[in-house]
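Shown next, in structure tokens, is the structure this report addresses.
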There are 2 protein chains.
Amino acid sequence: MLIQFLEHIKTFTQFEKEDFDRIQDYFDIQMYRKKDVILSAGSKCNCNYYVLEGCLHMYFTGENGIQRTVQFAIENWWMTDNLAFNKGAVTDFTIQAVENTTLLRISRENQEKLLKNFPSLETYFRKIYEISYGASLMKMKYVFDYSKEEIYYHFTERFPQFTQRVPQYLIASYLGLTPEYVSEIRAKNRS
Amino acid sequence: MLIQFLEHIKTFTQFEKEDFDRIQDYFDIQMYRKKDVILSAGSKCNCNYYVLEGCLHMYFTGENGIQRTVQFAIENWWMTDNLAFNKGAVTDFTIQAVENTTLLRISRENQEKLLKNFPSLETYFRKIYEISYGASLMKMKYVFDYSKEEIYYHFTERFPQFTQRVPQYLIASYLGLTPEYVSEIRAKNRS
């Protein structure tokens, strides 16, 4: 299962199998059941998570008690509260398993050592963050620019794998729509 | 003026003055007048921009013709459409000077060479993108969680330098508020 992580690294930077064997001690493998909490709002964010299999979402709980998803992660995606992780600070976000999930976990301390000892992984993370940041600017664009119906279609067309795997109320939450509104659009679409 | 760029790099990674003298040929210095366009929607995004002095904003024009700001950059901030820059693709965004602005410009090609020849700059960019991405998740949180009035106060308290320098209608646009609404809040605040 780890080989997919090596393949992912090699998509972004040169990295040898021999080095890969040497970096595995920096990580541990964690298994979670659907709905398990991986990181809790109010606790220190000391780890970064890479999905080997399964699906995570990251959410915050608004003052009105409503949960809002800000990010999903499926196979080969990294997830953490990057701002809190960067400083080892307390997070406002919770990370939870949407499905039974197997992930690689790396602590801040280990990630720092890893990048020091294997500088070509700086390139790997730089590219991943660059793309993630770019994608979040693009999300800002369509949240502001599209009608609610367009937001939904744009998302489901672009990321069909999520529509299959993620419960409708989480997609609604991520897109800033109500679950009722998403049901309505889907009913309209079927008729 | 370039020395501030070296200082900025050194905030994030070890970098020597001798190396700094060697990297300057990768960049050129550009000067723009207030309202000048640096990158136009519909053109290829082949450059990354670092503000030495002044202020930029990045916006898109919605289907309704309304401009929406998604990002500001003041001194020592990088700005580009990262997703398009990553691929050298056409951008949907426009970058414009909010004030008379002096910036360092680096092409994709040169940035790639630069990172190859000076790997410690991978660390610099990795950290910058990591923080930018984290901040954009946090923005997502307060756009969804806060009332319009709270969004405005949160922003102006946290980033007072923008409230001083950036016209009110651009702050409104960035926060997803109407200029009329921002005038109203400010009037209420004064009374």
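Residue numbering restarts at 1 for every chain of the structure tokens, chains are lettered A, B, ... in their displayed order, and ligands are numbered from 1 as they appear.
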
Worksheet item: So which residues touch region 47-63 of chain A within 8 Å, counting only C-alpha atoms, skipping near sequence neighbours fewer than 6 positions away, as a ChimeraX atom specification?
Response: /A:1-2,4-5,41,69-80,85,92-108 /B:141,145

Could you write out that same residue set with N, CA, C and O atoms as a compact mmCIF listing (two decimals), in the first residue's frame?
# COMPACT_ATOMS: atom_id res chain seq x y z
N MET A 1 0.82 -1.21 0.00
CA MET A 1 0.00 0.00 0.00
C MET A 1 0.86 1.27 0.00
O MET A 1 0.50 2.29 -0.55
N LEU A 2 2.07 1.13 0.61
CA LEU A 2 2.96 2.30 0.68
C LEU A 2 3.50 2.70 -0.68
O LEU A 2 3.89 3.85 -0.90
N GLN A 4 2.10 3.29 -3.33
CA GLN A 4 1.35 4.38 -3.97
C GLN A 4 1.86 5.75 -3.49
O GLN A 4 1.78 6.73 -4.22
N PHE A 5 2.37 5.77 -2.26
CA PHE A 5 2.93 7.02 -1.75
C PHE A 5 4.21 7.37 -2.51
O PHE A 5 4.42 8.52 -2.91
N ALA A 41 -11.07 19.99 17.09
CA ALA A 41 -11.01 21.43 17.32
C ALA A 41 -10.69 21.67 18.79
O ALA A 41 -11.24 20.99 19.67
N THR A 69 -17.99 21.92 6.30
CA THR A 69 -16.80 21.26 5.74
C THR A 69 -16.03 22.25 4.87
O THR A 69 -16.63 22.92 4.03
N VAL A 70 -14.70 22.35 5.09
CA VAL A 70 -13.90 23.25 4.26
C VAL A 70 -12.97 22.50 3.30
O VAL A 70 -12.39 23.11 2.40
N GLN A 71 -12.84 21.18 3.50
CA GLN A 71 -11.87 20.42 2.72
C GLN A 71 -12.22 18.94 2.76
O GLN A 71 -12.64 18.44 3.81
N PHE A 72 -12.02 18.25 1.62
CA PHE A 72 -12.07 16.78 1.61
C PHE A 72 -10.68 16.26 1.27
O PHE A 72 -9.89 16.95 0.63
N ALA A 73 -10.40 15.00 1.64
CA ALA A 73 -9.17 14.35 1.17
C ALA A 73 -9.49 12.90 0.87
O ALA A 73 -10.06 12.19 1.72
N ILE A 74 -9.18 12.48 -0.36
CA ILE A 74 -9.27 11.05 -0.69
C ILE A 74 -7.85 10.53 -0.94
O ILE A 74 -6.88 11.21 -0.60
N GLU A 75 -7.72 9.35 -1.52
CA GLU A 75 -6.41 8.71 -1.71
C GLU A 75 -5.38 9.69 -2.29
O GLU A 75 -5.67 10.39 -3.28
N ASN A 76 -4.21 9.70 -1.70
CA ASN A 76 -3.06 10.50 -2.15
C ASN A 76 -3.22 11.99 -1.90
O ASN A 76 -2.52 12.80 -2.53
N TRP A 77 -4.11 12.39 -1.03
CA TRP A 77 -4.20 13.80 -0.66
C TRP A 77 -3.69 13.96 0.77
O TRP A 77 -3.93 13.11 1.63
N TRP A 78 -3.07 15.09 0.98
CA TRP A 78 -2.63 15.48 2.32
C TRP A 78 -3.72 16.32 2.98
O TRP A 78 -4.42 17.08 2.32
N MET A 79 -3.84 16.22 4.28
CA MET A 79 -4.78 17.07 4.99
C MET A 79 -4.25 17.41 6.38
O MET A 79 -3.79 16.55 7.13
N THR A 80 -4.32 18.71 6.69
CA THR A 80 -4.16 19.17 8.07
C THR A 80 -4.68 20.61 8.11
O THR A 80 -5.07 21.16 7.07
N PHE A 85 -0.67 23.82 11.94
CA PHE A 85 0.44 22.86 11.83
C PHE A 85 1.77 23.60 11.71
O PHE A 85 2.77 23.22 12.33
N ASP A 92 -8.88 25.29 15.06
CA ASP A 92 -10.33 25.51 15.16
C ASP A 92 -11.09 24.43 14.38
O ASP A 92 -12.31 24.42 14.35
N PHE A 93 -10.34 23.55 13.71
CA PHE A 93 -10.96 22.58 12.81
C PHE A 93 -10.94 21.17 13.39
O PHE A 93 -10.09 20.84 14.22
N THR A 94 -11.87 20.36 12.92
CA THR A 94 -11.89 18.94 13.25
C THR A 94 -11.70 18.15 11.97
O THR A 94 -12.26 18.50 10.93
N ILE A 95 -10.88 17.09 12.05
CA ILE A 95 -10.74 16.18 10.90
C ILE A 95 -11.40 14.86 11.28
O ILE A 95 -11.14 14.30 12.34
N GLN A 96 -12.27 14.39 10.40
CA GLN A 96 -13.06 13.20 10.68
C GLN A 96 -13.06 12.27 9.46
O GLN A 96 -12.99 12.75 8.32
N ALA A 97 -13.15 10.96 9.73
CA ALA A 97 -13.20 9.98 8.63
C ALA A 97 -14.62 9.92 8.05
O ALA A 97 -15.59 9.77 8.80
N VAL A 98 -14.72 10.06 6.74
CA VAL A 98 -16.01 9.95 6.05
C VAL A 98 -16.29 8.47 5.73
O VAL A 98 -17.43 8.04 5.67
N GLU A 99 -15.21 7.71 5.53
CA GLU A 99 -15.27 6.26 5.31
C GLU A 99 -14.24 5.61 6.24
O GLU A 99 -13.43 6.31 6.83
N ASN A 100 -14.23 4.29 6.33
CA ASN A 100 -13.10 3.62 6.98
C ASN A 100 -11.84 4.08 6.23
O ASN A 100 -11.82 4.04 4.99
N THR A 101 -10.85 4.51 6.97
CA THR A 101 -9.72 5.20 6.33
C THR A 101 -8.38 4.72 6.90
O THR A 101 -8.24 4.56 8.11
N THR A 102 -7.42 4.50 5.99
CA THR A 102 -6.05 4.20 6.39
C THR A 102 -5.18 5.37 5.99
O THR A 102 -5.24 5.80 4.84
N LEU A 103 -4.41 5.87 6.95
CA LEU A 103 -3.59 7.03 6.58
C LEU A 103 -2.18 6.93 7.14
O LEU A 103 -1.90 6.19 8.08
N LEU A 104 -1.30 7.70 6.49
CA LEU A 104 0.04 7.91 6.99
C LEU A 104 0.01 9.18 7.81
O LEU A 104 -0.52 10.19 7.35
N ARG A 105 0.59 9.11 9.00
CA ARG A 105 0.63 10.29 9.86
C ARG A 105 2.08 10.67 10.09
O ARG A 105 2.92 9.80 10.34
N ILE A 106 2.37 11.96 9.98
CA ILE A 106 3.72 12.42 10.31
C ILE A 106 3.62 13.61 11.26
O ILE A 106 2.76 14.49 11.08
N SER A 107 4.46 13.60 12.31
CA SER A 107 4.44 14.71 13.27
C SER A 107 5.19 15.90 12.67
O SER A 107 5.99 15.75 11.74
N ARG A 108 4.96 17.09 13.24
CA ARG A 108 5.69 18.30 12.82
C ARG A 108 7.18 18.09 12.93
O ARG A 108 7.95 18.45 12.04
N LYS B 141 -13.40 29.76 6.49
CA LYS B 141 -14.10 29.63 7.77
C LYS B 141 -14.85 30.91 8.10
O LYS B 141 -16.03 30.90 8.38
N ASP B 145 -18.76 31.51 8.49
CA ASP B 145 -19.18 31.45 9.89
C ASP B 145 -19.64 32.80 10.43
O ASP B 145 -20.52 32.85 11.29

Give me the residues of chain B that have any atom at most 8 Å from an atom of chain A; for each, the nearest atom pair and the distance in Å, rounded to one decimal. Use only C-alpha atoms, sort by chain and number, and format it as JSON lines.
{"residue": "B:Phe60", "atom": "CA", "partner": "A:Lys141", "partner_atom": "CA", "distance": 7.3}
{"residue": "B:Gly62", "atom": "CA", "partner": "A:Asp145", "partner_atom": "CA", "distance": 5.4}
{"residue": "B:Glu63", "atom": "CA", "partner": "A:Asp145", "partner_atom": "CA", "distance": 7.1}
{"residue": "B:Arg68", "atom": "CA", "partner": "A:Phe144", "partner_atom": "CA", "distance": 7.8}
{"residue": "B:Val70", "atom": "CA", "partner": "A:Leu137", "partner_atom": "CA", "distance": 6.8}
{"residue": "B:Asp81", "atom": "CA", "partner": "A:Gly134", "partner_atom": "CA", "distance": 6.4}
{"residue": "B:Asn82", "atom": "CA", "partner": "A:Gly134", "partner_atom": "CA", "distance": 4.5}
{"residue": "B:Leu83", "atom": "CA", "partner": "A:Gly134", "partner_atom": "CA", "distance": 4.4}
{"residue": "B:Ala84", "atom": "CA", "partner": "A:Gly134", "partner_atom": "CA", "distance": 7.9}
{"residue": "B:Asn86", "atom": "CA", "partner": "A:Ile131", "partner_atom": "CA", "distance": 7.2}
{"residue": "B:Pro119", "atom": "CA", "partner": "A:Pro119", "partner_atom": "CA", "distance": 7.5}
{"residue": "B:Glu122", "atom": "CA", "partner": "A:Glu122", "partner_atom": "CA", "distance": 5.7}
{"residue": "B:Thr123", "atom": "CA", "partner": "A:Glu122", "partner_atom": "CA", "distance": 5.9}
{"residue": "B:Phe125", "atom": "CA", "partner": "A:Arg126", "partner_atom": "CA", "distance": 6.3}
{"residue": "B:Arg126", "atom": "CA", "partner": "A:Arg126", "partner_atom": "CA", "distance": 4.0}
{"residue": "B:Lys127", "atom": "CA", "partner": "A:Arg126", "partner_atom": "CA", "distance": 7.6}
{"residue": "B:Tyr129", "atom": "CA", "partner": "A:Tyr129", "partner_atom": "CA", "distance": 5.5}
{"residue": "B:Glu130", "atom": "CA", "partner": "A:Tyr129", "partner_atom": "CA", "distance": 5.6}
{"residue": "B:Ile131", "atom": "CA", "partner": "A:Leu83", "partner_atom": "CA", "distance": 5.7}
{"residue": "B:Ser132", "atom": "CA", "partner": "A:Tyr133", "partner_atom": "CA", "distance": 6.6}
{"residue": "B:Tyr133", "atom": "CA", "partner": "A:Tyr133", "partner_atom": "CA", "distance": 4.5}
{"residue": "B:Gly134", "atom": "CA", "partner": "A:Leu83", "partner_atom": "CA", "distance": 4.4}
{"residue": "B:Ala135", "atom": "CA", "partner": "A:Leu83", "partner_atom": "CA", "distance": 6.4}
{"residue": "B:Ser136", "atom": "CA", "partner": "A:Ser136", "partner_atom": "CA", "distance": 6.7}
{"residue": "B:Leu137", "atom": "CA", "partner": "A:Val70", "partner_atom": "CA", "distance": 6.8}
{"residue": "B:Met140", "atom": "CA", "partner": "A:Val70", "partner_atom": "CA", "distance": 6.8}
{"residue": "B:Lys141", "atom": "CA", "partner": "A:Val70", "partner_atom": "CA", "distance": 7.3}
{"residue": "B:Phe144", "atom": "CA", "partner": "A:Gly176", "partner_atom": "CA", "distance": 7.3}
{"residue": "B:Asp145", "atom": "CA", "partner": "A:Gly62", "partner_atom": "CA", "distance": 5.4}
{"residue": "B:Gly176", "atom": "CA", "partner": "A:Phe144", "partner_atom": "CA", "distance": 7.3}

Worksheet entry | Expected answer as a ChimeraX atom specification: alpha helix (DSSP H) residues in region 15-180 of chain B | /B:17-23,82-87,108-117,120-145,148-158,160-165,168-175,179-180

Worksheet item: Could you pull out all residues of region 7-191 of chain B with a DSSP call of strand (DSSP E or B) and give them as JSON, numbers by chain?
Response: {"B": [27, 28, 29, 30, 31, 32, 37, 38, 39, 44, 47, 48, 49, 50, 51, 52, 53, 56, 57, 58, 59, 60, 61, 67, 68, 69, 70, 71, 72, 73, 78, 79, 90, 94, 95, 96, 97, 101, 102, 103, 104, 105, 106, 107]}
